[in-house]
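> My structure is in model.pdb, and what it holds is PDB, C-alpha atoms:
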MODEL        1
ATOM      1  CA  MET H   1     113.365 112.053  81.107
ATOM      2  CA  ILE H   2     115.515 109.903  78.752
ATOM      3  CA  PRO H   3     113.785 110.976  75.471
ATOM      4  CA  LEU H   4     114.189 114.568  76.650
ATOM      5  CA  ILE H   5     117.939 114.140  77.167
ATOM      6  CA  LYS H   6     118.276 112.494  73.767
ATOM      7  CA  GLN H   7     116.395 115.311  72.085
ATOM      8  CA  GLU H   8     118.702 117.899  73.656
ATOM      9  CA  VAL H   9     122.138 116.299  73.251
ATOM     10  CA  CYS H  10     121.699 114.446  69.932
ATOM     11  CA  LYS H  11     119.265 116.526  67.908
ATOM     12  CA  LYS H  12     119.317 120.079  69.197
ATOM     13  CA  ARG H  13     122.975 120.465  70.129
ATOM     14  CA  SER H  14     124.545 117.490  68.296
ATOM     15  CA  TRP H  15     127.040 116.960  71.110
ATOM     16  CA  ILE H  16     127.185 113.191  70.538
ATOM     17  CA  SER H  17     125.928 110.809  67.863
ATOM     18  CA  GLU H  18     122.842 108.674  68.301
ATOM     19  CA  ASP H  19     124.935 105.477  68.449
ATOM     20  CA  GLU H  20     127.120 106.919  71.179
ATOM     21  CA  PHE H  21     123.984 107.953  73.022
ATOM     22  CA  LEU H  22     122.501 104.443  72.865
ATOM     23  CA  ASP H  23     125.763 102.911  74.120
ATOM     24  CA  GLY H  24     125.741 105.416  76.963
ATOM     25  CA  LEU H  25     122.124 104.660  77.780
ATOM     26  CA  ALA H  26     122.844 100.927  77.943
ATOM     27  CA  ALA H  27     125.790 101.571  80.256
ATOM     28  CA  ALA H  28     123.759 104.002  82.378
ATOM     29  CA  GLN H  29     120.996 101.450  82.807
ATOM     30  CA  SER H  30     123.475  98.766  83.769
ATOM     31  CA  CYS H  31     125.351 100.721  86.431
ATOM     32  CA  PRO H  32     124.105 101.412  89.951
ATOM     33  CA  GLY H  33     122.525 104.778  90.682
ATOM     34  CA  PRO H  34     119.877 106.972  89.061
ATOM     35  CA  ILE H  35     119.855 106.426  85.278
ATOM     36  CA  ALA H  36     119.634 110.135  84.452
ATOM     37  CA  VAL H  37     122.678 110.871  86.621
ATOM     38  CA  ASN H  38     124.654 108.009  85.067
ATOM     39  CA  LEU H  39     123.751 109.183  81.596
ATOM     40  CA  SER H  40     124.820 112.746  82.377
ATOM     41  CA  ILE H  41     128.194 111.433  83.596
ATOM     42  CA  TYR H  42     128.652 109.574  80.316
ATOM     43  CA  ILE H  43     127.617 112.491  78.123
ATOM     44  CA  GLY H  44     129.518 115.098  80.136
ATOM     45  CA  TYR H  45     132.685 113.018  80.078
ATOM     46  CA  HIS H  46     132.385 112.452  76.338
ATOM     47  CA  ILE H  47     132.142 116.137  75.601
ATOM     48  CA  ARG H  48     134.633 117.673  78.057
ATOM     49  CA  LYS H  49     136.140 114.937  80.292
ATOM     50  CA  GLY H  50     136.132 115.664  84.045
ATOM     51  CA  LYS H  51     134.851 119.206  83.894
ATOM     52  CA  GLY H  52     132.082 118.289  81.486
ATOM     53  CA  MET H  53     131.080 115.499  83.808
ATOM     54  CA  ALA H  54     130.913 117.758  86.850
ATOM     55  CA  VAL H  55     128.791 120.354  85.083
ATOM     56  CA  ALA H  56     126.439 117.761  83.572
ATOM     57  CA  VAL H  57     125.845 116.067  86.922
ATOM     58  CA  LEU H  58     125.213 119.373  88.632
ATOM     59  CA  GLY H  59     122.738 120.281  85.917
ATOM     60  CA  THR H  60     120.852 117.023  86.383
ATOM     61  CA  VAL H  61     120.721 117.142  90.157
ATOM     62  CA  LEU H  62     120.103 120.832  90.902
ATOM     63  CA  PRO H  63     116.508 121.211  89.609
ATOM     64  CA  SER H  64     115.354 118.200  91.637
ATOM     65  CA  PHE H  65     117.353 119.313  94.643
ATOM     66  CA  ILE H  66     115.943 122.833  94.713
ATOM     67  CA  SER H  67     112.340 121.856  94.070
ATOM     68  CA  ILE H  68     112.454 119.139  96.727
ATOM     69  CA  ILE H  69     113.974 121.504  99.301
ATOM     70  CA  LEU H  70     111.155 123.971  98.678
ATOM     71  CA  ILE H  71     108.520 121.256  98.946
ATOM     72  CA  ALA H  72     110.122 119.811 102.083
ATOM     73  CA  MET H  73     110.047 123.245 103.709
ATOM     74  CA  LEU H  74     106.337 123.596 102.972
ATOM     75  CA  PHE H  75     105.575 119.983 103.778
ATOM     76  CA  THR H  76     107.116 120.022 107.251
ATOM     77  CA  ARG H  77     105.038 123.103 108.022
ATOM     78  CA  PHE H  78     101.736 121.941 106.546
ATOM     79  CA  ALA H  79     101.879 118.158 106.973
ATOM     80  CA  GLU H  80      99.450 118.342 109.875
ATOM     81  CA  ALA H  81      96.929 120.563 108.099
ATOM     82  CA  SER H  82      93.776 118.568 107.543
ATOM     83  CA  LEU H  83      93.554 119.385 103.839
ATOM     84  CA  VAL H  84      97.080 118.072 103.232
ATOM     85  CA  ARG H  85      96.356 114.970 105.283
ATOM     86  CA  LYS H  86      93.230 114.339 103.242
ATOM     87  CA  ALA H  87      95.089 114.791  99.964
ATOM     88  CA  PHE H  88      97.720 112.259 101.005
ATOM     89  CA  HIS H  89      95.047 109.807 102.071
ATOM     90  CA  ALA H  90      94.163 109.516  98.371
ATOM     91  CA  LEU H  91      97.689 110.049  97.044
ATOM     92  CA  ARG H  92      99.117 107.005  98.813
ATOM     93  CA  PRO H  93      96.924 104.361  97.134
ATOM     94  CA  ALA H  94      97.366 106.164  93.789
ATOM     95  CA  VAL H  95     101.143 105.888  94.203
ATOM     96  CA  VAL H  96     100.905 102.160  94.850
ATOM     97  CA  ALA H  97      98.869 101.803  91.653
ATOM     98  CA  LEU H  98     101.500 103.751  89.713
ATOM     99  CA  ILE H  99     104.178 101.308  90.803
ATOM    100  CA  ALA H 100     102.029  98.286  89.960
ATOM    101  CA  VAL H 101     101.336  99.229  86.337
ATOM    102  CA  PRO H 102     104.886  99.292  84.847
ATOM    103  CA  LEU H 103     105.676  95.955  86.488
ATOM    104  CA  TYR H 104     103.833  94.092  83.744
ATOM    105  CA  GLN H 105     105.493  96.079  80.979
ATOM    106  CA  MET H 106     108.915  95.595  82.578
ATOM    107  CA  SER H 107     108.446  91.849  82.857
ATOM    108  CA  ARG H 108     108.623  91.688  79.052
ATOM    109  CA  THR H 109     111.734  93.818  78.565
ATOM    110  CA  ALA H 110     113.502  91.947  81.370
ATOM    111  CA  GLY H 111     113.002  88.650  79.520
ATOM    112  CA  LEU H 112     110.713  86.984  82.049
ATOM    113  CA  LYS H 113     109.926  83.365  81.092
ATOM    114  CA  PRO H 114     108.174  80.447  82.819
ATOM    115  CA  GLY H 115     111.653  78.996  83.374
ATOM    116  CA  ASN H 116     113.060  81.964  85.320
ATOM    117  CA  PHE H 117     109.870  83.204  86.971
ATOM    118  CA  TRP H 118     110.975  81.779  90.317
ATOM    119  CA  PHE H 119     113.887  84.202  90.523
ATOM    120  CA  PRO H 120     112.120  87.608  90.677
ATOM    121  CA  LEU H 121     109.321  85.951  92.641
ATOM    122  CA  GLY H 122     111.800  84.687  95.229
ATOM    123  CA  ILE H 123     113.425  88.134  95.430
ATOM    124  CA  ALA H 124     110.019  89.757  95.944
ATOM    125  CA  VAL H 125     109.135  87.359  98.778
ATOM    126  CA  LEU H 126     112.526  87.643 100.498
ATOM    127  CA  VAL H 127     112.625  91.449 100.375
ATOM    128  CA  GLY H 128     108.913  92.245 100.544
ATOM    129  CA  PHE H 129     107.778  89.814 103.233
ATOM    130  CA  LEU H 130     110.911  88.757 105.084
ATOM    131  CA  ASN H 131     112.697  92.153 105.009
ATOM    132  CA  VAL H 132     115.916  90.659 103.660
ATOM    133  CA  SER H 133     118.237  93.473 102.560
ATOM    134  CA  PRO H 134     118.540  93.741  98.745
ATOM    135  CA  VAL H 135     122.295  94.194  99.269
ATOM    136  CA  TYR H 136     122.958  90.488  99.872
ATOM    137  CA  LEU H 137     120.763  89.405  96.992
ATOM    138  CA  ILE H 138     122.453  91.823  94.593
ATOM    139  CA  VAL H 139     125.953  90.735  95.589
ATOM    140  CA  ILE H 140     125.073  87.037  95.247
ATOM    141  CA  THR H 141     123.407  87.650  91.868
ATOM    142  CA  ILE H 142     126.404  89.563  90.490
ATOM    143  CA  VAL H 143     128.942  86.980  91.672
ATOM    144  CA  TYR H 144     126.869  84.110  90.294
ATOM    145  CA  ALA H 145     126.260  85.846  86.960
ATOM    146  CA  ILE H 146     129.966  86.601  86.465
ATOM    147  CA  TRP H 147     130.862  82.980  87.255
ATOM    148  CA  GLN H 148     128.173  81.660  84.923
ATOM    149  CA  GLY H 149     129.118  84.120  82.171
ATOM    150  CA  LEU H 150     132.806  83.198  82.343
ATOM    151  CA  ARG H 151     131.926  79.502  82.196
ATOM    152  CA  MET H 152     129.717  80.066  79.153
ATOM    153  CA  ALA H 153     132.510  81.990  77.450
ATOM    154  CA  ARG H 154     134.996  79.199  78.025
ATOM    155  CA  LYS H 155     132.797  76.564  76.370
TER
ATOM    156  CA  MET E   1     127.288 111.520 113.979
ATOM    157  CA  ILE E   2     124.009 111.663 112.093
ATOM    158  CA  TYR E   3     125.570 113.491 109.129
ATOM    159  CA  LEU E   4     128.185 110.832 108.493
ATOM    160  CA  GLU E   5     125.670 108.054 108.986
ATOM    161  CA  MET E   6     123.245 109.639 106.536
ATOM    162  CA  TRP E   7     125.916 110.182 103.915
ATOM    163  CA  PHE E   8     127.108 106.606 104.288
ATOM    164  CA  THR E   9     123.580 105.184 104.180
ATOM    165  CA  PHE E  10     122.697 107.020 100.999
ATOM    166  CA  MET E  11     125.977 106.018  99.430
ATOM    167  CA  LYS E  12     124.983 102.434 100.115
ATOM    168  CA  ILE E  13     121.576 103.075  98.551
ATOM    169  CA  GLY E  14     123.266 104.541  95.476
ATOM    170  CA  LEU E  15     125.651 101.624  95.225
ATOM    171  CA  PHE E  16     122.936  98.986  95.376
ATOM    172  CA  SER E  17     120.262 100.629  93.288
ATOM    173  CA  PHE E  18     120.078  98.914  89.936
ATOM    174  CA  GLY E  19     117.427  99.333  87.310
ATOM    175  CA  GLY E  20     116.494 102.872  88.250
ATOM    176  CA  GLY E  21     113.208 104.251  89.529
ATOM    177  CA  TYR E  22     110.989 101.871  91.402
ATOM    178  CA  ALA E  23     113.611  99.159  91.854
ATOM    179  CA  ILE E  24     115.428 101.577  94.173
ATOM    180  CA  LEU E  25     112.412 101.990  96.451
ATOM    181  CA  ALA E  26     112.865  98.628  98.188
ATOM    182  CA  MET E  27     116.469  99.528  98.939
ATOM    183  CA  ILE E  28     115.621 103.010 100.251
ATOM    184  CA  ARG E  29     112.826 101.662 102.399
ATOM    185  CA  GLN E  30     115.052  98.948 103.815
ATOM    186  CA  GLU E  31     117.578 101.566 104.925
ATOM    187  CA  VAL E  32     115.426 104.484 106.137
ATOM    188  CA  VAL E  33     112.383 102.670 107.537
ATOM    189  CA  VAL E  34     113.524  99.186 108.557
ATOM    190  CA  LYS E  35     117.171  99.707 109.532
ATOM    191  CA  HIS E  36     117.214 103.344 110.656
ATOM    192  CA  PRO E  37     114.208 104.911 112.385
ATOM    193  CA  TRP E  38     114.278 107.954 110.111
ATOM    194  CA  LEU E  39     110.831 107.618 108.553
ATOM    195  CA  SER E  40     107.563 105.871 109.334
ATOM    196  CA  ALA E  41     106.042 103.565 106.720
ATOM    197  CA  SER E  42     103.435 106.152 105.733
ATOM    198  CA  GLN E  43     105.949 109.025 105.612
ATOM    199  CA  PHE E  44     107.900 106.881 103.185
ATOM    200  CA  VAL E  45     104.879 106.604 100.893
ATOM    201  CA  ASP E  46     104.376 110.375 101.151
ATOM    202  CA  ILE E  47     107.904 110.921  99.881
ATOM    203  CA  VAL E  48     107.351 108.509  97.014
ATOM    204  CA  ALA E  49     104.215 110.484  96.115
ATOM    205  CA  ILE E  50     106.078 113.799  96.255
ATOM    206  CA  SER E  51     108.904 112.350  94.147
ATOM    207  CA  GLN E  52     106.483 111.264  91.478
ATOM    208  CA  MET E  53     104.991 114.722  91.243
ATOM    209  CA  THR E  54     108.304 116.535  90.937
ATOM    210  CA  PRO E  55     110.765 116.229  88.073
ATOM    211  CA  GLY E  56     113.971 114.274  88.438
ATOM    212  CA  PRO E  57     115.161 110.857  89.602
ATOM    213  CA  ILE E  58     113.283 109.346  92.567
ATOM    214  CA  ALA E  59     116.502 108.417  94.365
ATOM    215  CA  ILE E  60     117.713 112.035  94.276
ATOM    216  CA  ASN E  61     114.334 113.359  95.410
ATOM    217  CA  ALA E  62     114.102 110.896  98.276
ATOM    218  CA  ALA E  63     117.680 111.615  99.362
ATOM    219  CA  THR E  64     117.135 115.378  99.334
ATOM    220  CA  PHE E  65     113.808 115.142 101.159
ATOM    221  CA  ILE E  66     114.901 112.733 103.874
ATOM    222  CA  GLY E  67     118.182 114.602 104.360
ATOM    223  CA  TYR E  68     116.357 117.893 104.765
ATOM    224  CA  GLN E  69     113.761 116.504 107.160
ATOM    225  CA  LYS E  70     116.341 114.879 109.391
ATOM    226  CA  ALA E  71     119.214 117.375 109.311
ATOM    227  CA  GLY E  72     118.332 120.543 107.359
ATOM    228  CA  ILE E  73     120.063 121.869 104.251
ATOM    229  CA  LEU E  74     123.400 120.293 105.130
ATOM    230  CA  GLY E  75     121.684 116.927 105.544
ATOM    231  CA  ALA E  76     120.018 117.345 102.164
ATOM    232  CA  VAL E  77     123.330 118.142 100.479
ATOM    233  CA  LEU E  78     125.102 115.197 102.113
ATOM    234  CA  CYS E  79     122.397 112.644 101.324
ATOM    235  CA  THR E  80     122.170 113.812  97.716
ATOM    236  CA  LEU E  81     125.934 113.694  97.300
ATOM    237  CA  GLY E  82     125.960 110.293  98.969
ATOM    238  CA  VAL E  83     123.459 108.812  96.553
ATOM    239  CA  ILE E  84     125.434 109.941  93.491
ATOM    240  CA  THR E  85     128.950 109.157  94.798
ATOM    241  CA  PRO E  86     128.944 105.505  93.621
ATOM    242  CA  SER E  87     127.499 106.597  90.247
ATOM    243  CA  LEU E  88     130.342 109.041  89.790
ATOM    244  CA  LEU E  89     133.000 106.417  90.421
ATOM    245  CA  ILE E  90     131.485 103.404  88.687
ATOM    246  CA  MET E  91     129.948 105.196  85.727
ATOM    247  CA  LEU E  92     133.202 107.019  85.045
ATOM    248  CA  ILE E  93     135.120 103.741  84.887
ATOM    249  CA  VAL E  94     132.434 102.133  82.737
ATOM    250  CA  THR E  95     132.304 105.162  80.422
ATOM    251  CA  ILE E  96     136.020 104.813  79.799
ATOM    252  CA  THR E  97     135.980 101.020  79.373
ATOM    253  CA  TYR E  98     132.477 100.378  78.059
ATOM    254  CA  LEU E  99     133.377  99.691  74.455
ATOM    255  CA  LYS E 100     135.718  96.918  75.607
ATOM    256  CA  LEU E 101     133.290  95.516  78.162
ATOM    257  CA  LYS E 102     130.072  95.476  76.230
ATOM    258  CA  ASN E 103     130.804  92.317  74.245
ATOM    259  CA  GLN E 104     132.055  90.239  77.175
ATOM    260  CA  ALA E 105     129.728  87.336  78.022
ATOM    261  CA  TRP E 106     130.045  87.794  81.788
ATOM    262  CA  PHE E 107     129.269  91.505  81.541
ATOM    263  CA  LYS E 108     126.131  90.863  79.519
ATOM    264  CA  ASN E 109     125.059  88.050  81.820
ATOM    265  CA  VAL E 110     125.384  90.216  84.951
ATOM    266  CA  PHE E 111     123.000  92.779  83.536
ATOM    267  CA  SER E 112     120.416  90.376  82.213
ATOM    268  CA  LYS E 113     120.303  88.781  85.677
ATOM    269  CA  LEU E 114     120.138  92.173  87.385
ATOM    270  CA  ARG E 115     117.198  93.163  85.210
ATOM    271  CA  LEU E 116     115.263  90.157  86.491
ATOM    272  CA  LEU E 117     116.344  90.992  90.020
ATOM    273  CA  SER E 118     115.056  94.563  89.764
ATOM    274  CA  LEU E 119     111.722  93.163  88.645
ATOM    275  CA  GLY E 120     111.621  91.265  91.931
ATOM    276  CA  LEU E 121     112.653  94.381  93.854
ATOM    277  CA  ILE E 122     109.826  96.427  92.366
ATOM    278  CA  ALA E 123     107.376  93.682  93.301
ATOM    279  CA  ALA E 124     108.866  93.752  96.803
ATOM    280  CA  ALA E 125     108.359  97.530  97.052
ATOM    281  CA  LEU E 126     104.794  96.961  95.969
ATOM    282  CA  ILE E 127     104.233  94.312  98.654
ATOM    283  CA  MET E 128     105.666  96.592 101.353
ATOM    284  CA  LEU E 129     103.649  99.630 100.298
ATOM    285  CA  PHE E 130     100.473  97.634  99.858
ATOM    286  CA  GLY E 131     100.524  96.535 103.477
ATOM    287  CA  SER E 132     100.935 100.013 104.907
ATOM    288  CA  VAL E 133      98.634 101.844 102.499
ATOM    289  CA  ILE E 134      95.643  99.769 101.483
ATOM    290  CA  ALA E 135      93.978  99.770 104.867
ATOM    291  CA  ASP E 136      90.460 101.136 104.435
ATOM    292  CA  LEU E 137      87.668 101.109 101.861
ATOM    293  CA  PHE E 138      88.558 104.580 100.567
ATOM    294  CA  SER E 139      92.131 103.463  99.817
ATOM    295  CA  ILE E 140      90.930 100.332  98.052
ATOM    296  CA  ILE E 141      88.619 102.369  95.826
ATOM    297  CA  VAL E 142      91.287 104.954  94.949
ATOM    298  CA  PHE E 143      93.818 102.190  94.278
ATOM    299  CA  THR E 144      91.484 100.263  91.975
ATOM    300  CA  LEU E 145      90.426 103.368  90.066
ATOM    301  CA  SER E 146      94.012 104.622  89.644
ATOM    302  CA  LEU E 147      95.133 101.203  88.497
ATOM    303  CA  SER E 148      92.443 100.891  85.831
ATOM    304  CA  VAL E 149      92.809 104.464  84.592
ATOM    305  CA  THR E 150      96.622 104.241  84.286
ATOM    306  CA  TRP E 151      96.399 100.804  82.707
ATOM    307  CA  LYS E 152      93.793 101.733  80.129
ATOM    308  CA  TYR E 153      94.592 105.312  79.213
ATOM    309  CA  LYS E 154      98.333 105.508  79.978
ATOM    310  CA  LEU E 155      97.624 108.721  81.869
ATOM    311  CA  ASN E 156     100.645 110.820  82.842
ATOM    312  CA  PRO E 157     101.426 110.027  86.528
ATOM    313  CA  PHE E 158     101.536 113.710  87.373
ATOM    314  CA  TYR E 159      97.933 114.292  86.331
ATOM    315  CA  LEU E 160      96.734 111.132  88.016
ATOM    316  CA  LEU E 161      98.279 112.273  91.303
ATOM    317  CA  LEU E 162      96.890 115.764  90.866
ATOM    318  CA  VAL E 163      93.389 114.357  90.455
ATOM    319  CA  ALA E 164      93.937 111.981  93.382
ATOM    320  CA  ALA E 165      95.034 114.877  95.615
ATOM    321  CA  GLY E 166      91.896 116.811  94.643
ATOM    322  CA  VAL E 167      89.639 113.825  95.293
ATOM    323  CA  GLY E 168      91.332 113.310  98.649
ATOM    324  CA  MET E 169      90.771 116.923  99.702
ATOM    325  CA  LEU E 170      87.081 116.667  98.824
ATOM    326  CA  LEU E 171      86.269 113.185 100.072
ATOM    327  CA  GLY E 172      89.233 111.776 102.023
TER
ENDMDL
END
If you took the structure in this file and wrote it as structure tokens, what would it be?


Amino acid sequence: MIPLIKQEVCKKRSWISEDEFLDGLAAAQSCPGPIAVNLSIYIGYHIRKGKGMAVAVLGTVLPSFISIILIAMLFTRFAEASLVRKAFHALRPAVVALIAVPLYQMSRTAGLKPGNFWFPLGIAVLVGFLNVSPVYLIVITIVYAIWQGLRMARK
Amino acid sequence: MIYLEMWFTFMKIGLFSFGGGYAILAMIRQEVVVKHPWLSASQFVDIVAISQMTPGPIAINAATFIGYQKAGILGAVLCTLGVITPSLLIMLIVTITYLKLKNQAWFKNVFSKLRLLSLGLIAAALIMLFGSVIADLFSIIVFTLSLSVTWKYKLNPFYLLLVAAGVGMLLG
């Protein structure tokens, strides 16, 4: 979705420059929430402040919203049909595989090293096996990282 | 008040979903399967599958779907609004202040740590899904085949799922 957005707003319509786009992308990836929505807030605000933001967000959300509503309507009606059940029997393991593949690729961009391997591993065990809510872990991580970052800056 | 509870829950999901995409799954599952009895474990996987086959962010798709299933159109609107509410507030502030923030050491450190954390969260989602999905021989075979095909040929997820659905209808 991101290359598509870039193509539209930088190349086709030249609403913002490529540098501005990359700054926005970095910010969008850093903030909570769906990246595409965050990016549309950034771009919309850059072009036309509050109104631009509202329109851009609506534009990002509406296609998903409408298509999912349609699918949900069909799905609730046909979920019990044997053909649909059979299809999902194969879809579920395929979905798990789709989540597994990018994990390796992501481990490189996230800067995974032997020295910090314990951290994501610990998170995975706490959340995946012990059902600890990610909320606590995220709050602790943010507080610790701010403290550590401020200390590094002072040195 | 189910409406208020749903809006609040999805706002929480939006607020604590870093890293986009799959990293959000653990958070959604925690809220709608473990904490609230809104979905069963396998219904949750179904929604993930549907989200991957339709365009748009997974968090939005999941919010719309779960909202609709539990409380109709109004539920869908509320959950979707809920999931983007924190984005609207936080991203707006960051958009305005980003150029000042981006060179601060603490700001950079928070996001490099959060990137590692989302890696862990995706692994957690994987662990959770694995347990509820890979239960019989058929699932193991489909999983292994999908994994090797995606790994080797970088197949578009949409086509992989389309083929999987077809295989399921014939053999599942």

> Measure the distance from atom CA of Gly44 of chain H to atom CA of Ala56 of chain H in Å and round it to one decimal.

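For atom CA of Gly44 of chain H relative to atom CA of Ala56 of chain H, the distance reads 5.3 Å.
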
> Using the chain letters and residue numbers of this document, give as a ChimeraX atom specification the residues selected by the PyMOL selection byres ((chain H and resi 58-60) around 8).

/H:36-37,40,54-57,61-64 /E:56

> With distances taken over all atoms listed in the file, which residue among E:Leu171, E:Ala62, E:Met6, E:Leu89 lies nearest Phe138 of chain E?

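Of E:Leu171, E:Ala62, E:Met6, E:Leu89, the one nearest Phe138 of chain E, counting all atoms listed in the file, is E:Leu171.
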
> Just how far from atom CA of Arg77 of chain H is atom CA of Val48 of chain E, in Å to one decimal?

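Separation of atom CA of Val48 of chain E and atom CA of Arg77 of chain H: 18.4 Å.
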
> Please indicate the distance in Å from atom CA of Ile68 of chain H to atom CA of Val132 of chain H, rounded to one decimal place.

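Answer for the atom CA of Ile68 of chain H to atom CA of Val132 of chain H separation: 29.5 Å.
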
> Edge lengths and centre in Å to one decimal, as JSON, of the axis-aligned box that encloses all listed atoms of segment 9-24 of chain E with 3 Å added on every side?


{"center_x": 118.5, "center_y": 103.0, "center_z": 95.7, "size_x": 21.0, "size_y": 14.1, "size_z": 22.9}

> To verify the selection step, state as a count of residues only which residues the PyMOL selection byres ((chain E and resi 32) around 10) yields on this input.

20

> Please write as a list of chain:residue names the full residue list that the PyMOL selection byres ((chain H and resi 150) around 12) yields on this file.

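Selected by the PyMOL selection byres ((chain H and resi 150) around 12) here: H:Val143, H:Tyr144, H:Ala145, H:Ile146, H:Trp147, H:Gln148, H:Gly149, H:Arg151, H:Met152, H:Ala153, H:Arg154, H:Lys155, E:Gln104, E:Ala105, E:Trp106, E:Phe107, E:Lys108, E:Asn109, E:Val110.
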
> Using only C-alpha atoms, please write the residues we just selected to a file, as a short mmCIF file (atom, residue, chain, number, x, y, z; two decimals), keeping the file's coordinate frame.


data_model
loop_
_atom_site.label_atom_id
_atom_site.label_comp_id
_atom_site.auth_asym_id
_atom_site.auth_seq_id
_atom_site.Cartn_x
_atom_site.Cartn_y
_atom_site.Cartn_z
CA VAL H 143 128.94 86.98 91.67
CA TYR H 144 126.87 84.11 90.29
CA ALA H 145 126.26 85.85 86.96
CA ILE H 146 129.97 86.60 86.46
CA TRP H 147 130.86 82.98 87.26
CA GLN H 148 128.17 81.66 84.92
CA GLY H 149 129.12 84.12 82.17
CA ARG H 151 131.93 79.50 82.20
CA MET H 152 129.72 80.07 79.15
CA ALA H 153 132.51 81.99 77.45
CA ARG H 154 135.00 79.20 78.03
CA LYS H 155 132.80 76.56 76.37
CA GLN E 104 132.06 90.24 77.18
CA ALA E 105 129.73 87.34 78.02
CA TRP E 106 130.04 87.79 81.79
CA PHE E 107 129.27 91.50 81.54
CA LYS E 108 126.13 90.86 79.52
CA ASN E 109 125.06 88.05 81.82
CA VAL E 110 125.38 90.22 84.95
#

> I want to know what sits within 12 Å of Phe111 of chain E, based on only C-alpha atoms, with residues of the same chain fewer than 6 positions away left out; could you give that as a ChimeraX atom specification?

/H:26-32,110-111,138,141-146,149 /E:18-19,101-102,104-105,117-118

> When you count all atoms listed in the file, which of these residues is closest to Phe119 of chain H: E:Leu119, E:Leu170, E:Leu129, E:Leu160?

E:Leu119

> Report as a list in words all protein, DNA and RNA residues lying within 10 Å of segment 3-7 of chain H, evaluated on all atoms listed in the file, omitting residues in the same chain fewer than 6 positions from it.

Arg13, Ser14, Ile16, Ser17, Glu18, Phe21, Leu22, Leu25, Ala36, Leu39, Ser40 and Ile43 of chain H

> My list of candidates is H:Phe78, H:Asp23, H:Pro114, H:Ile47. Which is closest to chain E when distances are computed with only C-alpha atoms?

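For chain E, the nearest of the candidates is H:Asp23.
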